>>> print(open('target30.cif').read())   # mmCIF, C-alpha atoms and all ligand atoms
data_target
#
loop_
_atom_site.label_atom_id
_atom_site.label_comp_id
_atom_site.auth_asym_id
_atom_site.auth_seq_id
_atom_site.Cartn_x
_atom_site.Cartn_y
_atom_site.Cartn_z
CA MET A 1487 -113.70 -63.15 44.94
CA ARG A 1488 -110.65 -65.07 45.90
CA ILE A 1489 -108.90 -68.29 46.20
CA ARG A 1490 -105.88 -68.05 48.33
CA PHE A 1491 -105.37 -71.68 48.67
CA LEU A 1492 -107.69 -74.41 47.84
CA SER A 1493 -107.98 -76.57 50.90
CA LEU A 1494 -107.15 -79.67 49.02
CA ALA A 1495 -106.01 -81.42 52.12
CA ILE A 1496 -109.56 -81.31 53.36
CA ALA A 1497 -111.90 -83.92 52.11
CA PRO A 1498 -114.78 -82.35 50.19
CA SER A 1499 -117.29 -83.76 52.57
CA THR A 1500 -115.77 -81.79 55.41
CA ILE A 1501 -115.45 -78.54 53.50
CA CYS A 1502 -118.83 -77.64 54.81
CA ALA A 1503 -121.75 -78.86 53.09
CA TYR A 1504 -123.70 -76.31 54.94
CA SER A 1505 -123.00 -73.35 57.04
CA SER A 1506 -124.45 -72.90 60.47
CA PHE A 1507 -123.99 -69.16 60.35
CA THR A 1508 -126.43 -67.06 58.46
CA SER A 1509 -124.28 -64.00 58.38
CA ALA A 1510 -121.40 -63.89 56.04
CA PRO A 1511 -120.15 -65.65 53.05
CA THR A 1512 -121.50 -68.40 51.08
CA PHE A 1513 -121.23 -71.99 50.86
CA LEU A 1514 -120.44 -75.09 49.56
CA ASP A 1515 -120.48 -78.58 48.54
CA SER A 1516 -121.87 -79.80 45.37
CA SER A 1517 -125.32 -80.00 46.83
CA LEU A 1518 -125.67 -77.16 49.28
CA LEU A 1519 -125.45 -73.45 49.50
CA CYS A 1520 -125.18 -71.03 52.33
CA ALA A 1521 -125.24 -67.64 50.79
CA ARG A 1522 -123.32 -64.68 52.18
CA THR A 1523 -125.47 -62.69 54.45
CA LEU A 1524 -124.66 -59.98 56.85
CA PHE A 1525 -124.62 -59.81 60.55
CA GLN A 1526 -127.81 -58.40 61.74
CA PRO A 1527 -127.75 -57.81 65.43
CA LEU A 1528 -130.03 -55.26 67.02
CA TYR A 1529 -130.23 -52.74 64.25
CA CYS A 1530 -127.81 -53.89 61.60
CA GLY A 1531 -124.90 -52.04 60.09
CA ARG A 1532 -121.24 -52.77 59.68
CA SER A 1533 -117.66 -51.71 59.17
CA ASN A 1534 -113.92 -51.89 60.31
CA ARG A 1535 -110.25 -51.13 61.33
CA ASP A 1536 -107.24 -49.06 60.60
CA GLY A 1537 -103.59 -48.36 60.22
CA LEU A 1538 -102.12 -51.79 59.72
CA THR A 1539 -98.68 -51.21 58.44
CA THR A 1540 -98.07 -54.83 57.62
CA ASN A 1541 -101.32 -55.01 55.74
CA LEU A 1542 -100.60 -51.88 53.80
CA GLN A 1543 -97.18 -53.09 52.83
CA LEU A 1544 -98.64 -56.31 51.60
CA GLU A 1545 -101.38 -54.57 49.70
CA GLU A 1546 -98.96 -52.26 47.96
CA GLU A 1547 -97.35 -55.23 46.30
CA HIS A 1548 -100.65 -55.87 44.60
CA CYS A 1549 -100.72 -52.62 42.73
CA LEU A 1550 -98.25 -53.35 40.02
CA THR A 1551 -100.58 -54.47 37.31
CA ALA A 1552 -102.80 -52.38 35.09
CA PRO A 1553 -106.51 -52.40 35.88
CA ILE A 1554 -108.36 -55.08 34.01
CA VAL A 1555 -111.84 -53.84 34.79
CA ARG A 1556 -112.73 -50.20 34.36
CA ALA A 1557 -114.72 -48.74 37.20
CA PRO A 1558 -117.33 -46.07 36.44
CA SER A 1559 -115.50 -42.85 35.67
CA ASN A 1560 -116.37 -41.02 38.87
CA THR A 1561 -115.16 -43.71 41.27
CA THR A 1562 -112.04 -43.92 43.38
CA TRP A 1563 -111.37 -47.57 42.80
CA GLU A 1564 -110.47 -50.06 40.13
CA VAL A 1565 -110.50 -53.83 39.74
CA ARG A 1566 -107.27 -55.62 39.04
CA PRO A 1567 -105.42 -58.79 40.04
CA SER A 1568 -104.67 -59.18 43.70
CA ILE A 1569 -101.78 -61.46 44.46
CA GLY A 1570 -103.00 -64.87 45.54
CA LYS A 1571 -106.63 -63.80 45.48
CA GLY A 1572 -107.72 -63.53 41.85
CA LEU A 1573 -109.20 -60.11 41.28
CA GLY A 1574 -109.49 -57.41 43.90
CA VAL A 1575 -110.69 -53.82 44.27
CA PHE A 1576 -108.05 -51.14 44.85
CA ALA A 1577 -108.33 -47.50 45.81
CA THR A 1578 -107.10 -45.10 43.12
CA ALA A 1579 -107.25 -42.09 45.44
CA LEU A 1580 -107.56 -41.45 49.15
CA ILE A 1581 -110.96 -42.67 50.34
CA LYS A 1582 -111.91 -40.97 53.57
CA THR A 1583 -113.68 -42.71 56.45
CA GLY A 1584 -117.43 -42.81 55.92
CA THR A 1585 -117.24 -42.42 52.14
CA ARG A 1586 -119.45 -44.69 50.10
CA ILE A 1587 -117.24 -46.75 47.84
CA MET A 1588 -119.79 -48.87 46.00
CA VAL A 1589 -123.55 -48.82 45.84
CA GLU A 1590 -125.11 -51.67 43.90
CA GLU A 1591 -128.53 -53.08 43.14
CA PRO A 1592 -128.93 -56.84 42.92
CA LEU A 1593 -128.16 -58.05 39.41
CA PHE A 1594 -130.82 -60.66 40.08
CA SER A 1595 -132.16 -62.56 43.03
CA ILE A 1596 -133.86 -65.88 43.45
CA ASN A 1597 -136.07 -67.47 46.07
CA PRO A 1598 -134.08 -70.27 47.63
CA PRO A 1599 -135.55 -73.49 48.94
CA GLU A 1600 -136.02 -73.81 52.67
CA PHE A 1601 -132.95 -72.94 54.71
CA VAL A 1602 -131.89 -75.85 56.88
CA PRO A 1603 -130.58 -74.42 60.17
CA GLY A 1604 -127.00 -75.41 60.70
CA LYS A 1605 -126.77 -76.54 57.11
CA GLY A 1606 -127.90 -74.31 54.29
CA TYR A 1607 -129.82 -74.39 51.04
CA GLU A 1608 -130.00 -77.30 48.68
CA ILE A 1609 -128.02 -76.21 45.70
CA GLN A 1610 -129.62 -78.72 43.40
CA ALA A 1611 -132.97 -77.03 43.89
CA MET A 1612 -131.58 -73.66 42.79
CA ILE A 1613 -129.70 -74.55 39.63
CA ASP A 1614 -132.59 -74.06 37.21
CA ASP A 1615 -133.60 -70.72 38.76
CA VAL A 1616 -130.06 -69.40 38.50
CA ASP A 1617 -129.75 -70.52 34.87
CA VAL A 1618 -133.06 -68.86 33.98
CA ALA A 1619 -132.03 -65.64 35.74
CA VAL A 1620 -128.66 -65.53 33.96
CA ALA A 1621 -130.31 -66.24 30.60
CA GLY A 1622 -132.55 -63.21 31.18
CA LEU A 1623 -129.62 -60.81 31.60
CA THR A 1624 -128.33 -58.51 28.89
CA ALA A 1625 -125.03 -59.50 27.27
CA GLU A 1626 -123.19 -56.90 29.33
CA GLN A 1627 -124.82 -58.03 32.57
CA ARG A 1628 -124.04 -61.65 31.76
CA SER A 1629 -120.45 -60.69 31.15
CA ASP A 1630 -120.35 -58.99 34.57
CA PHE A 1631 -121.78 -62.08 36.18
CA HIS A 1632 -119.33 -64.42 34.45
CA SER A 1633 -116.41 -62.19 35.44
CA CYS A 1634 -116.97 -63.15 39.09
CA HIS A 1635 -114.93 -65.79 40.79
CA GLU A 1636 -116.17 -69.36 40.90
CA TYR A 1637 -114.92 -71.78 43.50
CA ARG A 1638 -115.22 -75.44 42.65
CA LEU A 1639 -114.63 -78.50 44.71
CA PRO A 1640 -111.98 -80.87 43.37
CA SER A 1641 -114.73 -83.17 42.16
CA GLU A 1642 -116.22 -80.35 40.10
CA GLN A 1643 -113.14 -79.25 38.20
CA GLU A 1644 -114.17 -80.81 34.91
CA SER A 1645 -117.83 -79.87 35.04
CA ASP A 1646 -118.97 -76.81 33.10
CA GLU A 1647 -122.59 -77.79 33.22
CA HIS A 1648 -123.35 -75.85 36.39
CA ARG A 1649 -120.96 -72.94 35.98
CA ASN A 1650 -123.64 -70.35 36.69
CA MET A 1651 -124.42 -72.05 39.97
CA PHE A 1652 -120.73 -72.30 40.91
CA ILE A 1653 -120.44 -68.53 40.45
CA PHE A 1654 -123.68 -67.82 42.24
CA ARG A 1655 -122.92 -69.89 45.33
CA SER A 1656 -119.43 -68.37 45.57
CA ASN A 1657 -120.67 -64.78 45.58
CA ALA A 1658 -124.36 -64.42 46.41
CA TYR A 1659 -125.75 -62.77 49.52
CA THR A 1660 -128.85 -63.70 51.45
CA LEU A 1661 -131.00 -60.62 51.85
CA THR A 1662 -133.29 -59.69 54.71
CA ASP A 1663 -136.36 -60.83 52.76
CA GLY A 1664 -134.87 -64.31 52.45
CA THR A 1665 -134.01 -64.08 48.75
CA VAL A 1666 -130.46 -64.74 47.58
CA ALA A 1667 -128.96 -62.06 45.36
CA MET A 1668 -125.94 -61.41 43.21
CA PHE A 1669 -123.90 -58.17 43.28
CA PRO A 1670 -121.15 -58.68 40.68
CA GLN A 1671 -119.31 -55.44 41.38
CA ILE A 1672 -119.18 -55.90 45.14
CA ALA A 1673 -118.30 -59.55 44.62
CA LYS A 1674 -114.84 -58.42 43.44
CA ILE A 1675 -113.96 -57.14 46.91
CA ASN A 1676 -111.78 -59.59 48.80
CA HIS A 1677 -111.94 -60.65 52.41
CA SER A 1678 -109.91 -59.55 55.39
CA CYS A 1679 -110.51 -60.24 59.08
CA ARG A 1680 -109.52 -56.60 59.51
CA PRO A 1681 -111.52 -55.15 56.66
CA ASN A 1682 -111.20 -51.50 55.81
CA ALA A 1683 -114.74 -51.26 54.46
CA ALA A 1684 -118.17 -51.93 55.87
CA ASN A 1685 -120.81 -53.86 53.97
CA VAL A 1686 -124.47 -52.99 54.48
CA TRP A 1687 -127.66 -54.17 52.83
CA SER A 1688 -130.28 -51.40 52.92
CA GLU A 1689 -133.67 -52.97 52.54
CA ALA A 1690 -135.24 -49.50 52.42
CA SER A 1691 -133.22 -48.52 49.35
CA GLY A 1692 -132.81 -51.96 47.81
CA LEU A 1693 -129.07 -51.39 47.66
CA ARG A 1694 -125.94 -53.01 49.01
CA ILE A 1695 -123.55 -50.33 50.15
CA ILE A 1696 -119.82 -50.52 50.80
CA TRP A 1697 -118.38 -47.61 52.78
CA ALA A 1698 -114.92 -46.83 54.07
CA ALA A 1699 -114.54 -47.89 57.67
CA ARG A 1700 -111.29 -45.98 57.90
CA ASP A 1701 -109.20 -43.86 55.57
CA ILE A 1702 -108.08 -46.03 52.66
CA GLN A 1703 -104.86 -44.97 50.97
CA PRO A 1704 -104.35 -44.79 47.17
CA GLY A 1705 -103.22 -48.21 45.96
CA GLU A 1706 -104.52 -50.02 49.03
CA GLU A 1707 -106.86 -52.95 48.49
CA VAL A 1708 -110.43 -52.47 49.66
CA THR A 1709 -111.59 -55.36 51.83
CA VAL A 1710 -114.76 -56.52 53.56
CA THR A 1711 -115.38 -59.55 55.72
CA TYR A 1712 -116.97 -62.80 54.58
CA ALA A 1713 -116.99 -64.29 58.05
CA PRO A 1714 -118.11 -63.33 61.53
CA LEU A 1715 -115.17 -61.43 62.95
CA LEU A 1716 -115.83 -61.88 66.65
CA LYS A 1717 -114.62 -65.43 66.57
CA SER A 1718 -111.26 -67.09 67.04
CA HIS A 1719 -108.88 -67.57 64.14
CA ALA A 1720 -109.91 -71.24 63.90
CA GLY A 1721 -113.58 -70.30 63.81
CA ARG A 1722 -113.01 -67.76 61.05
CA GLN A 1723 -110.87 -70.11 58.98
CA SER A 1724 -113.47 -72.81 59.28
CA ARG A 1725 -116.00 -70.42 57.83
CA LEU A 1726 -113.69 -69.20 55.09
CA SER A 1727 -112.74 -72.71 54.02
CA GLN A 1728 -116.20 -72.86 52.51
CA TYR A 1729 -114.87 -70.46 49.89
CA GLY A 1730 -111.79 -72.49 49.28
CA PHE A 1731 -109.19 -70.24 50.86
CA GLN A 1732 -107.37 -69.63 54.10
CA CYS A 1733 -107.01 -66.04 55.25
CA THR A 1734 -103.52 -64.75 55.94
CA CYS A 1735 -104.41 -61.20 56.92
CA ALA A 1736 -102.57 -59.46 59.75
CA ALA A 1737 -105.21 -60.51 62.31
CA CYS A 1738 -104.80 -64.14 61.27
CA VAL A 1739 -101.02 -64.00 61.33
CA ASP A 1740 -101.21 -62.46 64.80
CA HIS A 1741 -104.02 -64.67 66.01
CA GLU A 1742 -102.34 -65.85 69.19
CA ARG A 1743 -102.50 -62.27 70.40
CA THR A 1744 -105.86 -61.28 68.93
CA ASP A 1745 -107.97 -64.41 69.51
CA SER A 1746 -108.84 -63.80 73.15
CA GLU A 1747 -110.01 -60.23 72.47
CA ARG A 1748 -112.13 -61.28 69.51
CA VAL A 1749 -113.81 -64.02 71.49
CA LYS A 1750 -114.34 -61.68 74.43
CA MET A 1751 -115.94 -59.05 72.19
CA GLY A 1752 -118.28 -61.64 70.70
CA LYS A 1753 -119.25 -62.89 74.14
CA TYR A 1754 -119.91 -59.39 75.45
CA LEU A 1755 -121.96 -58.34 72.44
CA SER A 1756 -124.21 -61.37 72.42
CA GLU A 1757 -124.67 -61.24 76.20
CA LEU A 1758 -125.52 -57.53 76.15
CA GLU A 1759 -127.92 -57.82 73.23
CA ASP A 1760 -129.60 -60.75 74.91
CA ARG A 1761 -130.00 -58.90 78.21
CA LEU A 1762 -131.52 -55.90 76.48
CA THR A 1763 -134.33 -57.98 75.06
CA ARG A 1764 -135.54 -58.35 78.66
CA ASN A 1765 -136.35 -56.01 81.48
CA THR A 1766 -133.29 -55.47 83.59
CA SER A 1767 -133.11 -54.08 87.10
CA GLU A 1768 -131.17 -50.95 87.95
CA PHE A 1769 -128.66 -53.16 89.75
CA ALA A 1770 -128.26 -55.33 86.63
CA ASN A 1771 -127.92 -52.29 84.38
CA LYS A 1772 -125.19 -50.87 86.57
CA LYS A 1773 -123.29 -54.12 86.10
CA LEU A 1774 -123.92 -54.19 82.35
CA LEU A 1775 -122.75 -50.67 81.65
CA PRO A 1776 -118.99 -51.23 82.21
CA LYS A 1777 -119.20 -54.25 79.95
CA ALA A 1778 -120.87 -52.20 77.22
CA LEU A 1779 -118.26 -49.47 77.51
CA ALA A 1780 -115.44 -52.00 77.42
CA LEU A 1781 -116.96 -53.52 74.30
CA VAL A 1782 -117.20 -50.14 72.59
CA GLU A 1783 -113.57 -49.42 73.43
CA MET A 1784 -112.33 -52.75 72.09
CA LEU A 1785 -114.33 -52.42 68.88
CA GLU A 1786 -113.16 -48.85 68.34
CA LEU A 1787 -109.56 -49.93 68.75
CA GLU A 1788 -110.07 -52.53 66.03
CA HIS A 1789 -112.22 -50.18 63.89
CA MET A 1790 -114.86 -52.86 63.63
CA MET A 1791 -117.61 -50.83 62.06
CA ASP A 1792 -119.63 -53.91 61.25
CA TYR A 1793 -120.30 -54.24 64.97
CA LEU A 1794 -119.83 -50.77 66.39
CA PRO A 1795 -123.29 -49.34 65.59
CA ASN A 1796 -124.85 -52.12 67.61
CA ALA A 1797 -122.39 -51.71 70.45
CA TYR A 1798 -123.08 -47.97 70.53
CA HIS A 1799 -126.78 -48.63 70.61
CA VAL A 1800 -126.40 -51.11 73.46
CA ALA A 1801 -124.47 -48.48 75.44
CA ALA A 1802 -127.21 -45.96 74.67
CA GLU A 1803 -129.96 -48.31 75.77
CA ILE A 1804 -128.28 -49.18 79.06
CA SER A 1805 -127.53 -45.50 79.73
CA LEU A 1806 -131.18 -44.67 79.14
CA ARG A 1807 -132.29 -47.41 81.51
CA LEU A 1808 -129.99 -45.83 84.08
CA LYS A 1809 -131.68 -42.48 83.34
CA ASP A 1810 -128.48 -40.94 82.00
CA SER A 1811 -130.03 -39.32 78.94
CA LEU A 1812 -126.91 -37.33 78.13
CA ALA A 1813 -124.82 -40.47 77.73
CA ALA A 1814 -127.67 -42.25 75.96
CA SER A 1815 -127.87 -39.41 73.45
CA LYS A 1816 -124.11 -39.45 72.90
CA TRP A 1817 -123.98 -43.18 72.16
CA SER A 1818 -127.10 -43.18 70.04
CA THR A 1819 -125.78 -40.27 67.97
CA LYS A 1820 -122.61 -42.24 67.29
CA ALA A 1821 -124.67 -45.21 66.12
CA LEU A 1822 -126.77 -42.91 63.95
CA THR A 1823 -123.67 -41.43 62.33
CA LEU A 1824 -122.34 -44.85 61.33
CA HIS A 1825 -125.71 -46.04 60.05
CA GLY A 1826 -125.99 -42.79 58.11
CA TYR A 1827 -122.68 -43.41 56.34
CA ALA A 1828 -124.33 -46.37 54.67
CA ASP A 1829 -127.78 -45.03 53.93
CA GLU A 1830 -129.67 -42.09 55.39
CA ARG A 1831 -132.92 -43.76 54.37
CA SER A 1832 -132.24 -47.12 56.00
CA HIS A 1833 -134.43 -48.69 58.66
CA ALA A 1834 -131.43 -48.56 60.98
CA VAL A 1835 -131.29 -44.76 60.69
CA LEU A 1836 -135.02 -44.50 61.23
CA GLN A 1837 -134.91 -46.70 64.32
CA GLU A 1838 -132.01 -44.79 65.79
CA ARG A 1839 -133.81 -41.49 65.22
CA LEU A 1840 -136.87 -42.85 66.98
CA PHE A 1841 -134.66 -43.84 69.89
CA LEU A 1842 -133.18 -40.35 70.05
CA ASP A 1843 -136.69 -38.88 70.01
CA ARG A 1844 -137.53 -40.98 73.05
CA ILE A 1845 -134.60 -39.49 74.90
CA SER A 1846 -135.42 -35.88 74.16
CA PRO A 1847 -139.06 -35.57 73.16
ZN ZN A 1901 -107.78 -63.12 58.38
#
>>> encode(input="target30.cif", output="structure tokens", more="lines below")
Ligand SMILES: [Zn+2]
Amino acid sequence: MRIRFLSLAIAPSTICAYSSFTSAPTFLDSSLLCARTLFQPLYCGRSNRDGLTTNLQLEEEHCLTAPIVRAPSNTTWEVRPSIGKGLGVFATALIKTGTRIMVEEPLFSINPPEFVPGKGYEIQAMIDDVDVAVAGLTAEQRSDFHSCHEYRLPSEQESDEHRNMFIFRSNAYTLTDGTVAMFPQIAKINHSCRPNAANVWSEASGLRIIWAARDIQPGEEVTVTYAPLLKSHAGRQSRLSQYGFQCTCAACVDHERTDSERVKMGKYLSELEDRLTRNTSEFANKKLLPKALALVEMLELEHMMDYLPNAYHVAAEISLRLKDSLAASKWSTKALTLHGYADERSHAVLQERLFLDRISP
């Protein structure tokens, strides 16, 4: 994980005691936790964008140091320092779109206390469980866990008593069964609002999977998102401040140009998903279709694979309601392909196959 800047100008109490969003990164305040979780619209799935020259140039500067963590021998990545972000994961060879980069089981997971909507989990109630889980790890696993970043509030700088919890709340993900789990390898991947990798939890396989959302060049840093991307720059930064850093990716630098599109995409997606939970008239569907196609186009331009499977499915569903089975099949097949990149056995793949069967029995 990363600390670009600690938001020291922000009083701890405003650094987000809780998080109102249950889909992305963690956290924090000394008493509360909001674990990273993933967006889970209609079917779930995720990914990203491409060809950002400025990003690539920046990332190349990060490749000057020797790797400090050895990846398994058959991988195309390594862990090493990333300027301004602590450690990061870097491609050591070309990683083609759709390639799985990391596949990881939870190192351990715990049952959190009740999630308070708009707030989070009470950290205090999780400390003992995290300590017990870490104590039960092998020496090598414990070393992996302790190699992950820990973000501390200014008031916590001197306290080593709860180090395990500091690490856990800075890196853990909330899973679909409500448990909160640690993935120490994936935790080394830094954030970008234009990530080049998608991040999927497959409940069917019990694995978190990172796959290339676009071609990733040798030496380029692999990134995922910790925050909902279909929000304005201010909205994303507010979320990321919970991790103690401000994002300076190309999308953030260029936010005056990109904000309106991001907000529009978010509005379209939530409106379309909401409408599809209800019966819609032919007249309504005819009005929804152009919006769905516009959404798909905008997301494709940004290579936002974390959202595209759902947008494709929405387009398929509306097409089917308009009795255009050819178009429905085309969009559903695209969604299936992206879900399949993550995990052929996932529920998302199964659901999309069932949808395709409905189109052509
Ligand atoms: Zn950013």
>>> residues_near_ligand(input="target30.cif", ligand="ligand ZN 1901 (chain A)", cutoff="9 Å", atoms="all atoms listed in the file", output="PyMOL selection string")
chain A and resi 1677-1681+1711+1715+1719+1722-1723+1732-1739+1741
>>> residues_around(input="target30.cif", residues="Val1620 in chain A", least_positions_apart="2", cutoff="12 Å", atoms="only C-alpha atoms", output="list in words")
Leu1593, Phe1594, Ser1595, Ile1596, Ile1613, Asp1614, Asp1615, Val1616, Asp1617, Val1618, Gly1622, Leu1623, Thr1624, Ala1625, Glu1626, Gln1627, Arg1628, Ser1629, Asp1630, Phe1631, His1632, His1648, Arg1649, Asn1650, Met1651, Ile1653, Phe1654, Ala1667 and Met1668 of chain A
>>> axis_aligned_box(input="target30.cif", around="range 1820-1837 of chain A", padding_each_side="4 Å", output="lines of an AutoDock Vina configuration file")
center_x = -128.7
center_y = -45.1
center_z = 60.6
size_x = 20.7
size_y = 15.3
size_z = 21.4
>>> residues_around(input="target30.cif", residues="range 1826-1838 of chain A", least_positions_apart="6", cutoff="9 Å", atoms="all atoms listed in the file", output="PyMOL selection string")
chain A and resi 1529-1532+1584-1586+1684-1691+1694-1698+1799+1818-1819
>>> closest_residue(input="target30.cif", among="A:Glu1707, A:Glu1608, A:Met1588, A:Pro1599", to="Ser1568 in chain A", atoms="all atoms listed in the file")
A:Glu1707
>>> closest_residue(input="target30.cif", among="A:Arg1566, A:Arg1655, A:Arg1700, A:Lys1753", to="Leu1580 in chain A", atoms="all atoms listed in the file")
A:Arg1700
>>> atom_distance(input="target30.cif", atom1="CA of Ser1656 in chain A", atom2="CA of Asn1597 in chain A")
16.7 Å
>>> build_atoms(input="target30.cif", residues="range 1821-1841 of chain A", atoms="N, CA and C atoms", output="tab-separated table (two decimals), in the coordinates of the input")
chain	number	residue	atom	x	y	z
A	1821	ALA	N	-124.09	-44.12	66.93
A	1821	ALA	CA	-124.67	-45.21	66.12
A	1821	ALA	C	-125.34	-44.63	64.88
A	1822	LEU	N	-126.07	-43.54	65.08
A	1822	LEU	CA	-126.77	-42.91	63.95
A	1822	LEU	C	-125.79	-42.46	62.87
A	1823	THR	N	-124.67	-41.89	63.30
A	1823	THR	CA	-123.67	-41.43	62.33
A	1823	THR	C	-123.17	-42.59	61.46
A	1824	LEU	N	-122.86	-43.72	62.11
A	1824	LEU	CA	-122.34	-44.85	61.33
A	1824	LEU	C	-123.42	-45.42	60.41
A	1825	HIS	N	-124.62	-45.54	60.92
A	1825	HIS	CA	-125.71	-46.04	60.05
A	1825	HIS	C	-125.91	-45.08	58.87
A	1826	GLY	N	-125.77	-43.79	59.15
A	1826	GLY	CA	-125.99	-42.79	58.11
A	1826	GLY	C	-124.94	-42.84	57.02
A	1827	TYR	N	-123.72	-43.27	57.37
A	1827	TYR	CA	-122.68	-43.41	56.34
A	1827	TYR	C	-123.16	-44.36	55.25
A	1828	ALA	N	-123.87	-45.41	55.67
A	1828	ALA	CA	-124.33	-46.37	54.67
A	1828	ALA	C	-125.52	-45.81	53.91
A	1829	ASP	N	-126.56	-45.44	54.63
A	1829	ASP	CA	-127.78	-45.03	53.93
A	1829	ASP	C	-128.67	-44.23	54.88
A	1830	GLU	N	-128.84	-42.98	54.57
A	1830	GLU	CA	-129.67	-42.09	55.39
A	1830	GLU	C	-131.13	-42.55	55.44
A	1831	ARG	N	-131.52	-43.34	54.44
A	1831	ARG	CA	-132.92	-43.76	54.37
A	1831	ARG	C	-133.15	-45.14	54.98
A	1832	SER	N	-132.12	-45.73	55.53
A	1832	SER	CA	-132.24	-47.12	56.00
A	1832	SER	C	-133.14	-47.23	57.23
A	1833	HIS	N	-133.63	-48.43	57.46
A	1833	HIS	CA	-134.43	-48.69	58.66
A	1833	HIS	C	-133.59	-48.44	59.91
A	1834	ALA	N	-132.30	-48.75	59.82
A	1834	ALA	CA	-131.43	-48.56	60.98
A	1834	ALA	C	-131.39	-47.09	61.39
A	1835	VAL	N	-131.30	-46.21	60.40
A	1835	VAL	CA	-131.29	-44.76	60.69
A	1835	VAL	C	-132.62	-44.35	61.31
A	1836	LEU	N	-133.69	-44.84	60.72
A	1836	LEU	CA	-135.02	-44.50	61.23
A	1836	LEU	C	-135.18	-44.94	62.68
A	1837	GLN	N	-134.77	-46.16	62.96
A	1837	GLN	CA	-134.91	-46.70	64.32
A	1837	GLN	C	-134.07	-45.90	65.31
A	1838	GLU	N	-132.87	-45.53	64.88
A	1838	GLU	CA	-132.01	-44.79	65.79
A	1838	GLU	C	-132.58	-43.40	66.04
A	1839	ARG	N	-133.18	-42.82	65.03
A	1839	ARG	CA	-133.81	-41.49	65.22
A	1839	ARG	C	-134.98	-41.60	66.19
A	1840	LEU	N	-135.75	-42.67	66.06
A	1840	LEU	CA	-136.87	-42.85	66.98
A	1840	LEU	C	-136.36	-43.00	68.42
A	1841	PHE	N	-135.24	-43.69	68.55
A	1841	PHE	CA	-134.66	-43.84	69.89
A	1841	PHE	C	-134.24	-42.48	70.44
